[in-house]
Amino acid sequence: MTPYLEPMLLTYSIFMMGAISPGPDAIVLLKTAISNGRQKAYFVALGLGLSVFLITQYTLFGMSFMFEKFPWLIYVIQYGGSLFLLYLGIQSLRAKGSFDVKDFDTAPLKSIMAFRNGFMTNFLNPFAILYIVSLMSAQIPPEVPGIQKLIFGVLLGFSYFAWNSVLSFIPTNRYLGAFFNKYSVVFNKISGVLLIYIAISNALKNI
């Protein structure tokens, strides 16, 4: 048994508890599921999972050193992420109409764009990055072998993808779908307001 199993399990548990907390990632995922169907939401989930894997890897392999040496990088990410969330929020406010939960293939959002939305939502979120950096720095010893760091990153990324894939079932469920379809325009407006609020709040916060 690896001597690093205990801190890794603790880190995994803390990370997953944070993952199920609602944030801009959940808003983007649910908005996509409601407006474009479950298949497109899977691509959002895939983008979210890949972003977690990459953030985990550059944290475990010493990329956090770059933030210490070049602290202005975090501000580039902060304002870039805020602009992206602002863009998504405006797109939500402009969205019209509803969707047919049986008609996923004709959804107007392209799969690559859904993937991009998921990936960028996390990868440009300074607070998601700082959360992972601080969690990994506090729990995972730097002497952990590289292969274990890689496997751990894959586990986190896949678990995050799996959780968000399950989450996409909520608005696209056979019985709940009609309800979300009926109020999809309202949900888009609420999502837009929340995303814009988060974007402005992120931009104004001191890191």
# chains A, B, ... in the order shown; residues from 1 in each chain; ligands from 1

$ closest_atom_pairs --of "range 123-182 of chain A" --to "range 6-27 of chain A" --cutoff "12 Å" --atoms "only C-alpha atoms" --output "JSON lines"
{"residue": "A:Phe123", "atom": "CA", "partner": "A:Asp25", "partner_atom": "CA", "distance": 10.5}
{"residue": "A:Leu124", "atom": "CA", "partner": "A:Asp25", "partner_atom": "CA", "distance": 11.2}
{"residue": "A:Asn125", "atom": "CA", "partner": "A:Pro24", "partner_atom": "CA", "distance": 9.0}
{"residue": "A:Phe127", "atom": "CA", "partner": "A:Gly23", "partner_atom": "CA", "distance": 10.7}
{"residue": "A:Ala128", "atom": "CA", "partner": "A:Gly18", "partner_atom": "CA", "distance": 9.7}
{"residue": "A:Tyr131", "atom": "CA", "partner": "A:Phe15", "partner_atom": "CA", "distance": 8.9}
{"residue": "A:Ile132", "atom": "CA", "partner": "A:Phe15", "partner_atom": "CA", "distance": 7.8}
{"residue": "A:Val133", "atom": "CA", "partner": "A:Phe15", "partner_atom": "CA", "distance": 11.2}
{"residue": "A:Ser134", "atom": "CA", "partner": "A:Thr11", "partner_atom": "CA", "distance": 10.7}
{"residue": "A:Leu135", "atom": "CA", "partner": "A:Thr11", "partner_atom": "CA", "distance": 6.9}
{"residue": "A:Met136", "atom": "CA", "partner": "A:Thr11", "partner_atom": "CA", "distance": 7.2}
{"residue": "A:Ser137", "atom": "CA", "partner": "A:Thr11", "partner_atom": "CA", "distance": 10.2}
{"residue": "A:Ala138", "atom": "CA", "partner": "A:Thr11", "partner_atom": "CA", "distance": 9.1}
{"residue": "A:Gln139", "atom": "CA", "partner": "A:Pro7", "partner_atom": "CA", "distance": 5.7}
{"residue": "A:Ile140", "atom": "CA", "partner": "A:Pro7", "partner_atom": "CA", "distance": 6.2}
{"residue": "A:Pro141", "atom": "CA", "partner": "A:Pro7", "partner_atom": "CA", "distance": 8.5}
{"residue": "A:Pro142", "atom": "CA", "partner": "A:Pro7", "partner_atom": "CA", "distance": 11.9}
{"residue": "A:Val144", "atom": "CA", "partner": "A:Met8", "partner_atom": "CA", "distance": 10.1}
{"residue": "A:Gln148", "atom": "CA", "partner": "A:Met8", "partner_atom": "CA", "distance": 9.8}
{"residue": "A:Lys149", "atom": "CA", "partner": "A:Met8", "partner_atom": "CA", "distance": 9.6}
{"residue": "A:Ile151", "atom": "CA", "partner": "A:Met8", "partner_atom": "CA", "distance": 10.9}
{"residue": "A:Phe152", "atom": "CA", "partner": "A:Met8", "partner_atom": "CA", "distance": 7.7}
{"residue": "A:Gly153", "atom": "CA", "partner": "A:Tyr12", "partner_atom": "CA", "distance": 10.0}
{"residue": "A:Val154", "atom": "CA", "partner": "A:Tyr12", "partner_atom": "CA", "distance": 11.6}
{"residue": "A:Leu155", "atom": "CA", "partner": "A:Tyr12", "partner_atom": "CA", "distance": 8.7}
{"residue": "A:Leu156", "atom": "CA", "partner": "A:Tyr12", "partner_atom": "CA", "distance": 7.0}
{"residue": "A:Gly157", "atom": "CA", "partner": "A:Met16", "partner_atom": "CA", "distance": 10.5}
{"residue": "A:Phe158", "atom": "CA", "partner": "A:Met16", "partner_atom": "CA", "distance": 11.3}
{"residue": "A:Ser159", "atom": "CA", "partner": "A:Met16", "partner_atom": "CA", "distance": 8.0}
{"residue": "A:Tyr160", "atom": "CA", "partner": "A:Ala19", "partner_atom": "CA", "distance": 6.9}
{"residue": "A:Phe161", "atom": "CA", "partner": "A:Ala19", "partner_atom": "CA", "distance": 10.2}
{"residue": "A:Ala162", "atom": "CA", "partner": "A:Ala19", "partner_atom": "CA", "distance": 11.0}
{"residue": "A:Trp163", "atom": "CA", "partner": "A:Ile20", "partner_atom": "CA", "distance": 7.7}
{"residue": "A:Asn164", "atom": "CA", "partner": "A:Ala26", "partner_atom": "CA", "distance": 7.6}
{"residue": "A:Ser165", "atom": "CA", "partner": "A:Ala26", "partner_atom": "CA", "distance": 10.7}
{"residue": "A:Val166", "atom": "CA", "partner": "A:Ile20", "partner_atom": "CA", "distance": 11.0}
{"residue": "A:Leu167", "atom": "CA", "partner": "A:Ala26", "partner_atom": "CA", "distance": 8.2}
{"residue": "A:Ser168", "atom": "CA", "partner": "A:Ala26", "partner_atom": "CA", "distance": 9.2}
{"residue": "A:Ile170", "atom": "CA", "partner": "A:Ala26", "partner_atom": "CA", "distance": 11.6}
{"residue": "A:Pro171", "atom": "CA", "partner": "A:Ile27", "partner_atom": "CA", "distance": 11.9}

$ write_last_selection --atoms "C-alpha atoms" --output "CSV table (one decimal), in the first residue's frame"
chain,number,residue,atom,x,y,z
A,123,PHE,CA,-9.9,26.7,-16.4
A,124,LEU,CA,-10.4,30.4,-16.2
A,125,ASN,CA,-11.9,30.4,-12.7
A,127,PHE,CA,-11.1,30.5,-7.3
A,128,ALA,CA,-11.3,26.9,-8.7
A,131,TYR,CA,-9.0,25.9,-4.3
A,132,ILE,CA,-7.2,23.0,-6.0
A,133,VAL,CA,-3.7,24.6,-5.6
A,134,SER,CA,-4.2,25.2,-1.9
A,135,LEU,CA,-5.8,21.7,-1.4
A,136,MET,CA,-3.0,19.9,-3.2
A,137,SER,CA,-0.2,21.9,-1.6
A,138,ALA,CA,-1.6,21.2,1.9
A,139,GLN,CA,-2.3,17.5,1.5
A,140,ILE,CA,-0.1,16.0,-1.2
A,141,PRO,CA,3.6,15.7,-0.5
A,142,PRO,CA,5.9,16.9,-3.3
A,144,VAL,CA,4.8,11.6,-4.5
A,148,GLN,CA,0.8,8.4,-8.8
A,149,LYS,CA,0.3,12.1,-9.4
A,151,ILE,CA,-3.3,8.6,-11.8
A,152,PHE,CA,-4.6,10.8,-9.0
A,153,GLY,CA,-5.3,13.6,-11.5
A,154,VAL,CA,-7.1,11.2,-13.8
A,155,LEU,CA,-9.2,10.0,-10.9
A,156,LEU,CA,-10.2,13.5,-9.9
A,157,GLY,CA,-11.0,14.6,-13.5
A,158,PHE,CA,-13.0,11.4,-14.2
A,159,SER,CA,-14.9,11.7,-10.9
A,160,TYR,CA,-15.7,15.3,-11.7
A,161,PHE,CA,-16.9,14.4,-15.2
A,162,ALA,CA,-19.0,11.5,-13.7
A,163,TRP,CA,-20.7,13.8,-11.1
A,164,ASN,CA,-21.6,16.4,-13.7
A,165,SER,CA,-22.8,13.7,-16.1
A,166,VAL,CA,-25.2,12.5,-13.4
A,167,LEU,CA,-26.2,16.1,-12.7
A,168,SER,CA,-27.3,16.5,-16.3
A,170,ILE,CA,-32.0,16.1,-13.5
A,171,PRO,CA,-33.4,18.5,-16.1

$ atom_distance --atom1 "CA of Tyr4 in chain A" --atom2 "CA of Glu68 in chain A"
25.4 Å

$ select_by_dssp --residues "chain A" --states "helix (DSSP H, G or I)" --output "VMD selection string"
chain A and resid 5 to 19 24 to 36 38 to 60 64 to 69 72 to 94 104 to 106 111 to 123 126 to 139 146 to 167 169 to 172 177 to 182 184 to 204

$ closest_residue --among "A:Val186, A:Val28, A:Leu73, A:Ile34" --to "Thr172 in chain A" --atoms "only C-alpha atoms"
A:Ile34

$ atom_distance --atom1 "CA of Leu5 in chain A" --atom2 "CA of Phe119 in chain A"
28.4 Å

$ closest_residue --among "A:Leu30, A:Leu50, A:Ala45, A:Leu204" --to "Phe187 in chain A" --atoms "only C-alpha atoms"
A:Leu30

$ residues_around --residues "Gly118 in chain A" --least-positions-apart "6" --cutoff "6 Å" --atoms "only C-alpha atoms" --output "PyMOL selection string"
chain A and resi 44+47-48

$ closest_residue --among "A:Ile77, A:Leu86, A:Leu54, A:Leu46" --to "Ala199 in chain A" --atoms "only C-alpha atoms"
A:Leu86

$ closest_residue --among "A:Ile112, A:Ile190, A:Ile147, A:Met120" --to "Lys40 in chain A" --atoms "only C-alpha atoms"
A:Ile112
